[in-house]
file data.txt (compact mmCIF, C-alpha atoms)
# COMPACT_ATOMS: atom_id res chain seq x y z
CA MET A 1 -70.77 -30.09 25.70
CA VAL A 2 -68.86 -33.30 24.99
CA ALA A 3 -68.01 -35.58 27.93
CA PRO A 4 -66.98 -39.22 28.33
CA SER A 5 -69.92 -40.10 30.58
CA PRO A 6 -73.61 -39.18 31.03
CA GLN A 7 -72.88 -38.40 34.69
CA MET A 8 -70.32 -35.76 33.78
CA ILE A 9 -72.68 -34.27 31.22
CA GLU A 10 -75.43 -33.96 33.83
CA ALA A 11 -73.07 -32.38 36.36
CA VAL A 12 -71.95 -29.66 33.93
CA ILE A 13 -75.27 -29.08 32.14
CA ALA A 14 -77.39 -28.76 35.31
CA PRO A 15 -76.01 -25.38 36.48
CA LEU A 16 -76.23 -23.97 32.95
CA LEU A 17 -79.86 -25.02 32.61
CA GLY A 18 -80.57 -23.61 36.06
CA ALA A 19 -79.21 -20.24 34.92
CA GLY A 20 -81.43 -20.14 31.84
CA PHE A 21 -78.97 -21.36 29.22
CA ALA A 22 -80.15 -23.71 26.50
CA ALA A 23 -77.66 -26.53 27.03
CA SER A 24 -77.21 -30.06 25.77
CA GLY A 25 -74.48 -32.68 25.91
CA ALA A 26 -73.26 -35.87 24.31
CA VAL A 27 -70.74 -38.64 24.73
CA ASP A 28 -70.37 -39.05 20.96
CA PRO A 29 -69.00 -35.89 19.23
CA ARG A 30 -71.07 -36.70 16.15
CA GLU A 31 -74.18 -35.86 18.14
CA ILE A 32 -72.83 -32.36 18.71
CA LYS A 33 -72.30 -31.93 14.98
CA ALA A 34 -75.87 -33.03 14.32
CA PHE A 35 -77.20 -30.69 17.02
CA SER A 36 -75.31 -27.71 15.57
CA ALA A 37 -77.02 -28.21 12.21
CA GLY A 38 -80.34 -27.12 13.70
CA ALA A 39 -79.30 -24.62 16.36
CA ARG A 40 -76.73 -21.89 16.95
CA VAL A 41 -74.06 -22.99 19.39
CA ASP A 42 -72.36 -20.20 21.37
CA ALA A 43 -69.98 -22.45 23.29
CA LEU A 44 -68.60 -25.98 23.20
CA LEU A 45 -67.47 -27.39 26.53
CA VAL A 46 -65.12 -30.38 26.39
CA THR A 47 -64.03 -32.25 29.52
CA GLU A 48 -60.44 -33.33 30.08
CA ASN A 49 -61.31 -37.00 30.56
CA PHE A 50 -61.07 -38.13 26.95
CA PRO A 51 -58.04 -40.42 26.52
CA ARG A 52 -58.41 -40.72 22.75
CA PRO A 53 -58.87 -38.45 20.92
CA SER A 54 -57.54 -35.80 23.27
CA PRO A 55 -59.75 -32.83 24.27
CA ALA A 56 -57.69 -30.55 22.02
CA GLN A 57 -58.15 -32.92 19.07
CA LEU A 58 -61.89 -33.04 19.73
CA ALA A 59 -62.16 -29.25 19.79
CA THR A 60 -60.14 -28.95 16.59
CA ALA A 61 -62.27 -31.54 14.83
CA LEU A 62 -65.51 -29.85 15.87
CA ARG A 63 -64.44 -26.31 15.01
CA GLY A 64 -65.49 -26.81 11.40
CA ALA A 65 -69.04 -27.50 12.51
CA LEU A 66 -68.95 -24.77 15.19
CA PRO A 67 -66.87 -21.92 13.70
CA ASN A 68 -68.45 -19.24 15.90
CA ALA A 69 -68.47 -21.11 19.21
CA ALA A 70 -66.23 -20.43 22.18
CA MET A 71 -64.15 -23.55 22.77
CA ILE A 72 -63.93 -24.21 26.53
CA LEU A 73 -61.95 -26.92 28.32
CA VAL A 74 -63.45 -28.16 31.61
CA THR A 75 -60.74 -29.45 33.95
CA ARG A 76 -60.08 -30.43 37.55
CA GLU A 77 -57.05 -28.13 37.55
CA VAL A 78 -56.95 -25.30 35.04
CA VAL A 79 -54.01 -25.59 32.69
CA ALA A 80 -53.78 -23.11 29.83
CA ALA A 81 -51.51 -24.53 27.17
CA PRO A 82 -50.41 -22.11 24.41
CA GLY A 83 -51.48 -23.32 21.00
CA ASP A 84 -54.51 -25.26 22.24
CA PRO A 85 -57.70 -24.54 20.31
CA PHE A 86 -59.52 -23.45 23.47
CA HIS A 87 -60.51 -19.89 24.32
CA GLY A 88 -60.05 -20.77 27.98
CA ALA A 89 -60.14 -23.47 30.63
CA LEU A 90 -62.54 -23.70 33.58
CA LYS A 91 -62.00 -25.56 36.82
CA PHE A 92 -64.79 -27.98 37.76
CA PRO A 93 -66.44 -28.59 40.11
CA VAL A 94 -66.90 -25.08 41.50
CA PRO A 95 -69.99 -23.29 42.85
CA ASP A 96 -72.71 -23.08 40.21
CA LYS A 97 -72.72 -19.28 40.04
CA VAL A 98 -68.95 -19.18 39.55
CA PHE A 99 -69.09 -21.78 36.80
CA VAL A 100 -71.99 -20.13 34.96
CA SER A 101 -70.45 -16.65 35.10
CA SER A 102 -67.12 -18.05 33.86
CA VAL A 103 -68.80 -19.74 30.90
CA ALA A 104 -70.63 -16.50 30.06
CA ARG A 105 -67.37 -14.53 30.29
CA LEU A 106 -65.57 -16.84 27.89
CA ILE A 107 -68.47 -16.69 25.45
CA ARG A 108 -68.26 -12.89 25.51
CA ALA A 109 -64.51 -12.91 25.00
CA ALA A 110 -64.54 -15.33 22.05
CA ARG A 111 -64.37 -13.67 18.67
CA PRO A 112 -66.52 -15.31 15.98
CA SER A 113 -64.83 -15.51 12.60
CA SER A 114 -68.04 -14.52 10.83
CA THR A 115 -68.37 -11.05 12.40
CA ASP A 116 -69.98 -8.62 9.93
CA PHE A 117 -67.59 -5.74 10.50
CA ARG A 118 -69.44 -3.37 8.17
CA GLY A 119 -72.63 -3.82 10.13
CA VAL A 120 -70.78 -3.57 13.44
CA GLN A 121 -69.02 -0.40 12.32
CA ALA A 122 -72.34 1.21 11.44
CA ASP A 123 -73.78 0.17 14.82
CA ILE A 124 -70.77 1.67 16.61
CA GLU A 125 -71.27 4.98 14.84
CA VAL A 126 -74.93 5.11 15.84
CA MET A 127 -74.32 3.98 19.42
CA SER A 128 -71.50 6.51 19.83
CA LEU A 129 -73.61 9.54 18.96
CA ARG A 130 -73.79 11.83 22.02
CA LEU A 131 -72.41 8.98 24.10
CA ASP A 132 -71.60 11.18 27.12
CA ASP A 133 -75.19 12.48 27.25
CA LYS A 134 -76.84 9.06 27.40
CA SER A 135 -78.12 7.53 30.61
CA HIS A 136 -77.16 4.06 31.74
CA TYR A 137 -80.61 2.88 30.66
CA GLU A 138 -80.12 4.29 27.18
CA ILE A 139 -76.68 2.70 26.90
CA LEU A 140 -78.08 -0.77 27.66
CA GLY A 141 -81.34 -0.15 25.80
CA VAL A 142 -83.54 -1.07 28.77
CA ALA A 143 -86.48 0.65 30.47
CA PRO A 144 -86.03 2.44 33.83
CA ASP A 145 -88.06 -0.31 35.49
CA ALA A 146 -86.09 -3.14 33.85
CA SER A 147 -85.42 -6.15 36.07
CA ILE A 148 -81.88 -7.22 36.99
CA ASP A 149 -82.33 -10.17 34.61
CA ASP A 150 -83.19 -7.76 31.79
CA VAL A 151 -80.17 -5.61 32.62
CA THR A 152 -77.89 -8.66 32.68
CA ALA A 153 -79.26 -9.96 29.37
CA ALA A 154 -78.69 -6.58 27.72
CA TYR A 155 -75.15 -6.39 29.11
CA ASP A 156 -74.31 -9.91 27.94
CA ARG A 157 -75.52 -9.12 24.43
CA LEU A 158 -73.82 -5.73 24.10
CA SER A 159 -70.53 -6.63 25.77
CA LEU A 160 -70.26 -9.61 23.44
CA ALA A 161 -70.95 -7.45 20.39
CA TYR A 162 -68.49 -4.67 21.28
CA HIS A 163 -65.69 -6.53 23.09
CA PRO A 164 -62.40 -5.09 21.73
CA ASP A 165 -60.97 -8.54 21.04
CA ARG A 166 -63.71 -9.09 18.46
CA LEU A 167 -63.09 -5.83 16.60
CA ARG A 168 -59.39 -5.80 15.80
CA ALA A 169 -60.12 -5.74 12.05
CA LEU A 170 -61.75 -2.29 12.29
CA ASP A 171 -59.84 0.90 11.57
CA GLU A 172 -58.21 2.70 14.49
CA ALA A 173 -60.90 5.39 14.81
CA SER A 174 -63.67 2.79 14.97
CA ARG A 175 -61.73 0.72 17.51
CA GLU A 176 -61.37 3.77 19.76
CA LYS A 177 -65.12 4.43 19.56
CA ALA A 178 -65.85 0.77 20.25
CA LEU A 179 -63.55 0.83 23.30
CA ALA A 180 -65.29 3.91 24.70
CA LEU A 181 -68.65 2.25 24.09
CA TYR A 182 -67.52 -0.99 25.74
CA LEU A 183 -66.37 0.89 28.82
CA ARG A 184 -69.71 2.71 29.08
CA ILE A 185 -71.61 -0.58 28.72
CA GLY A 186 -69.59 -1.97 31.63
CA ALA A 187 -70.22 1.17 33.71
CA ALA A 188 -73.96 1.03 33.09
CA TYR A 189 -74.14 -2.64 34.02
CA ARG A 190 -72.20 -2.22 37.25
CA VAL A 191 -74.57 0.48 38.44
CA LEU A 192 -77.90 -0.95 37.29
CA ARG A 193 -77.24 -4.50 38.54
CA SER A 194 -76.83 -3.20 42.12
CA PRO A 195 -80.12 -2.16 43.80
CA ASN A 196 -78.32 0.36 46.05
CA ASP A 197 -76.18 1.88 43.30
CA ARG A 198 -79.19 1.99 40.99
CA MET A 199 -81.29 3.79 43.59
CA ARG A 200 -78.57 6.41 44.07
CA TYR A 201 -78.17 6.77 40.32
CA ASP A 202 -81.92 7.20 39.81
CA ALA A 203 -81.97 9.91 42.44
CA GLY A 204 -79.62 11.98 40.28
CA VAL A 205 -80.61 10.59 36.89
CA GLU A 206 -80.71 14.07 35.31
CA ALA A 207 -76.94 14.33 35.66
CA PRO A 208 -74.96 12.94 32.69
CA PRO A 209 -73.25 9.65 33.56
CA THR A 210 -69.53 10.17 34.02
CA SER A 211 -68.19 6.93 35.49
CA GLU A 212 -66.43 4.43 33.30
CA ALA A 213 -65.77 0.82 34.06
CA GLY A 214 -64.00 -1.83 32.09
CA PRO A 215 -64.08 -5.58 32.47
CA GLN A 216 -65.02 -6.91 35.88
CA THR A 217 -61.60 -8.54 36.34
CA TYR A 218 -58.23 -8.04 34.69
CA ALA A 219 -58.51 -11.49 33.12
CA ASP A 220 -61.67 -10.33 31.31
CA MET A 221 -59.52 -8.01 29.23
CA SER A 222 -58.17 -10.82 27.05
CA ARG A 223 -59.16 -14.14 25.57
CA VAL A 224 -55.53 -15.32 25.18
CA PRO A 225 -54.98 -18.01 27.86
CA THR A 226 -51.40 -17.05 28.75
CA ALA A 227 -52.30 -13.35 28.87
CA ARG A 228 -55.29 -14.10 31.08
CA LYS A 229 -53.09 -15.99 33.54
CA TYR A 230 -50.73 -13.06 34.02
CA LEU A 231 -53.53 -10.51 34.07
CA ASP A 232 -55.02 -12.40 36.99
CA LEU A 233 -51.64 -12.39 38.73
CA ALA A 234 -51.29 -8.66 38.06
CA GLN A 235 -54.64 -7.93 39.69
CA LYS A 236 -53.78 -10.02 42.73
CA ALA A 237 -50.43 -8.23 43.05
CA GLU A 238 -52.07 -4.81 42.80
CA ILE A 239 -54.64 -5.73 45.44
CA ALA A 240 -51.78 -6.87 47.67
CA GLY A 241 -50.09 -3.49 47.18
CA ASN A 242 -47.16 -4.84 45.15
CA ARG A 243 -47.21 -2.36 42.27
CA ALA A 244 -43.85 -3.44 40.83
CA MET A 245 -44.97 -7.06 40.56
CA ALA A 246 -48.32 -6.00 39.09
CA LEU A 247 -46.50 -4.01 36.40
CA ALA A 248 -44.23 -6.96 35.63
CA HIS A 249 -47.20 -9.28 35.17
CA LEU A 250 -49.04 -6.71 33.05
CA ARG A 251 -46.01 -6.22 30.79
CA PHE A 252 -45.75 -9.96 30.23
CA ALA A 253 -49.50 -10.19 29.55
CA ALA A 254 -49.09 -7.42 26.96
CA THR A 255 -46.43 -9.45 25.14
CA GLN A 256 -48.87 -12.39 24.93
CA ASP A 257 -51.70 -10.23 23.51
CA PRO A 258 -49.83 -7.31 21.88
CA ASP A 259 -52.78 -5.73 20.04
CA ASN A 260 -55.07 -5.63 23.06
CA GLN A 261 -56.00 -2.00 23.79
CA LEU A 262 -57.50 -2.78 27.19
CA VAL A 263 -54.32 -4.43 28.46
CA GLN A 264 -52.14 -1.61 27.12
CA ARG A 265 -54.38 1.03 28.67
CA LYS A 266 -54.28 -0.69 32.06
CA LEU A 267 -50.48 -0.97 31.81
CA ASP A 268 -50.16 2.73 30.97
CA GLU A 269 -52.48 3.71 33.83
CA LEU A 270 -50.58 1.69 36.41
CA ALA A 271 -47.20 2.83 35.14
CA ALA A 272 -48.28 6.49 35.36
CA ALA A 273 -49.79 6.16 38.84
CA PRO A 274 -47.88 8.01 41.56

call {"tool": "encode", "arguments": {"input": "data.txt", "output": "structure tokens"}}
result
Amino acid sequence: MVAPSPQMIEAVIAPLLGAGFAASGAVDPREIKAFSAGARVDALLVTENFPRPSPAQLATALRGALPNAAMILVTREVVAAPGDPFHGALKFPVPDKVFVSSVARLIRAARPSSTDFRGVQADIEVMSLRLDDKSHYEILGVAPDASIDDVTAAYDRLSLAYHPDRLRALDEASREKALALYLRIGAAYRVLRSPNDRMRYDAGVEAPPTSEAGPQTYADMSRVPTARKYLDLAQKAEIAGNRAMALAHLRFAATQDPDNQLVQRKLDELAAAP
């Protein structure tokens, strides 16, 4: 991360280190460039406190050194400005678990420019073979006695690899297979991360898994800041029982991220609901 003070760096880095991330920070952006030469950087966090250059200018300048990193703005009040180079903005301070999970979500949603689509397409074909017959353990590639940490690590890796936002360059058939795979990855994670749900699932493990689950929140469906804002509003409206308002927010989110299959599917589902 890049911050204007060592104190801010420590405040942001501490929860990431506590969650097992390899994290480092600097006041001088040149130190980040030097660090990236010897290590892969999955995310760059920039605080809002830089007067000159601005946070957006910093992120733009560092993108050349970090082409595959999620660019994340850390703010006191989240403001998603269209056209900014950031994949998203995070409010800080917040509880450590909320902050860490939000960073992980934005990393998953970011789409690296260097994705090897031929290799990904081949992986999708293999992973999609007899998809409906595979257990949750087989989907995530973990053992039946895998710890929750192992399950989470597998989910983070697979959901990042097969997130629909990363795979828009694939042909339509491959995108449909990737979407089905992504939904099954989410379903497997939701069951296996919960001790009670996992125990019930294990009791009937011979039965083919049938449940599907998408992103954990509506905002997880997109990495476009303006779309994410209205997806969040749509979910809140639906929870409140205001279906008309939820549809309105979803339609606007779809205009901000028009090629997003997850958003369109959710819009179609809600529109068709009785």

call {"tool": "residues_around", "arguments": {"input": "data.txt", "residues": "Ala244 in chain A", "least_positions_apart": "6", "cutoff": "10 Å", "atoms": "all atoms listed in the file", "output": "number ranges by chain"}}
result
A: 234, 237-238, 250, 270-271

call {"tool": "atom_distance", "arguments": {"input": "data.txt", "atom1": "CA of Ala154 in chain A", "atom2": "CA of Leu140 in chain A"}}
result
5.8 Å

call {"tool": "closest_atom_pairs", "arguments": {"input": "data.txt", "of": "range 130-159 of chain A", "to": "range 179-189 of chain A", "cutoff": "10 Å", "atoms": "only C-alpha atoms", "output": "Markdown table"}}
result
| residue | atom | partner | partner_atom | distance |
| --- | --- | --- | --- | --- |
| A:Leu131 | CA | A:Leu181 | CA | 7.7 |
| A:Asp132 | CA | A:Arg184 | CA | 8.9 |
| A:Lys134 | CA | A:Arg184 | CA | 9.7 |
| A:Ser135 | CA | A:Ala188 | CA | 8.1 |
| A:His136 | CA | A:Ala188 | CA | 4.6 |
| A:Tyr137 | CA | A:Ala188 | CA | 7.3 |
| A:Glu138 | CA | A:Ala188 | CA | 9.1 |
| A:Ile139 | CA | A:Ile185 | CA | 6.3 |
| A:Leu140 | CA | A:Ile185 | CA | 6.6 |
| A:Ile148 | CA | A:Tyr189 | CA | 9.5 |
| A:Val151 | CA | A:Tyr189 | CA | 6.9 |
| A:Thr152 | CA | A:Tyr189 | CA | 7.2 |
| A:Ala154 | CA | A:Tyr189 | CA | 8.7 |
| A:Tyr155 | CA | A:Tyr189 | CA | 6.3 |
| A:Asp156 | CA | A:Tyr189 | CA | 9.5 |
| A:Leu158 | CA | A:Ile185 | CA | 7.3 |
| A:Ser159 | CA | A:Tyr182 | CA | 6.4 |

call {"tool": "closest_residue", "arguments": {"input": "data.txt", "among": "A:Leu58, A:Ser101, A:Ile13, A:Val142", "to": "Arg30 in chain A", "atoms": "all atoms listed in the file"}}
result
A:Leu58

call {"tool": "axis_aligned_box", "arguments": {"input": "data.txt", "around": "range 6-25 of chain A", "padding_each_side": "3 Å", "output": "AutoDock Vina command-line options"}}
result
--center_x -75.9 --center_y -29.7 --center_z 31.1 --size_x 17.1 --size_y 25.0 --size_z 16.7

call {"tool": "atom_distance", "arguments": {"input": "data.txt", "atom1": "CA of Met127 in chain A", "atom2": "CA of Ala70 in chain A"}}
result
25.9 Å

call {"tool": "atom_distance", "arguments": {"input": "data.txt", "atom1": "CA of Ile72 in chain A", "atom2": "CA of Leu233 in chain A"}}
result
21.0 Å

call {"tool": "residues_around", "arguments": {"input": "data.txt", "residues": "range 120-126 of chain A", "least_positions_apart": "6", "cutoff": "12 Å", "atoms": "only C-alpha atoms", "output": "VMD selection string"}}
result
chain A and resid 114 139 158 160 to 164 166 to 182

call {"tool": "residues_around", "arguments": {"input": "data.txt", "residues": "Asp28 in chain A", "least_positions_apart": "4", "cutoff": "12 Å", "atoms": "all atoms listed in the file", "output": "PDB file with C-alpha atoms, in the coordinates of the input"}}
result
ATOM      1  CA  MET A   1     -70.770 -30.090  25.700  1.00  0.00           C
ATOM      2  CA  VAL A   2     -68.860 -33.300  24.990  1.00  0.00           C
ATOM      3  CA  ALA A   3     -68.010 -35.580  27.930  1.00  0.00           C
ATOM      4  CA  PRO A   4     -66.980 -39.220  28.330  1.00  0.00           C
ATOM      5  CA  SER A   5     -69.920 -40.100  30.580  1.00  0.00           C
ATOM      6  CA  PRO A   6     -73.610 -39.180  31.030  1.00  0.00           C
ATOM      7  CA  ILE A   9     -72.680 -34.270  31.220  1.00  0.00           C
ATOM      8  CA  ILE A  32     -72.830 -32.360  18.710  1.00  0.00           C
ATOM      9  CA  LYS A  33     -72.300 -31.930  14.980  1.00  0.00           C
ATOM     10  CA  ALA A  34     -75.870 -33.030  14.320  1.00  0.00           C
ATOM     11  CA  PHE A  35     -77.200 -30.690  17.020  1.00  0.00           C
ATOM     12  CA  VAL A  46     -65.120 -30.380  26.390  1.00  0.00           C
ATOM     13  CA  PHE A  50     -61.070 -38.130  26.950  1.00  0.00           C
ATOM     14  CA  PRO A  53     -58.870 -38.450  20.920  1.00  0.00           C
ATOM     15  CA  LEU A  58     -61.890 -33.040  19.730  1.00  0.00           C
ATOM     16  CA  LEU A  62     -65.510 -29.850  15.870  1.00  0.00           C
TER      17      LEU A  62
END

call {"tool": "closest_residue", "arguments": {"input": "data.txt", "among": "A:Met8, A:Met71, A:Leu262, A:Ala254", "to": "Pro93 in chain A", "atoms": "all atoms listed in the file"}}
result
A:Met8

call {"tool": "closest_residue", "arguments": {"input": "data.txt", "among": "A:Ile239, A:Ala227, A:Val94, A:Val191", "to": "Gln264 in chain A", "atoms": "only C-alpha atoms"}}
result
A:Ala227

call {"tool": "residues_around", "arguments": {"input": "data.txt", "residues": "Val41 in chain A", "least_positions_apart": "6", "cutoff": "8 Å", "atoms": "all atoms listed in the file", "output": "list in words"}}
result
Leu66, Asn68 and Ala69 of chain A

call {"tool": "write_last_selection", "arguments": {"input": "data.txt", "atoms": "C-alpha atoms", "output": "CSV table (one decimal), in the coordinates of the input"}}
result
chain,number,residue,atom,x,y,z
A,66,LEU,CA,-69.0,-24.8,15.2
A,68,ASN,CA,-68.4,-19.2,15.9
A,69,ALA,CA,-68.5,-21.1,19.2

call {"tool": "closest_residue", "arguments": {"input": "data.txt", "among": "A:Arg63, A:His87, A:Lys97, A:Arg243", "to": "Leu16 in chain A", "atoms": "all atoms listed in the file"}}
result
A:Lys97

call {"tool": "residues_near_point", "arguments": {"input": "data.txt", "point": "(-59.4, -18.2, 26.3)", "cutoff": "9 Å", "atoms": "only C-alpha atoms", "output": "MDAnalysis selection string"}}
result
chainID A and resid 70:72 80 85:89 106 109:110 222:228

call {"tool": "closest_residue", "arguments": {"input": "data.txt", "among": "A:Leu45, A:Ala65, A:Val100, A:Ala146", "to": "Pro15 in chain A", "atoms": "all atoms listed in the file"}}
result
A:Val100

call {"tool": "closest_residue", "arguments": {"input": "data.txt", "among": "A:Asn49, A:Val103, A:Gln57, A:Gly119", "to": "Ala23 in chain A", "atoms": "all atoms listed in the file"}}
result
A:Val103
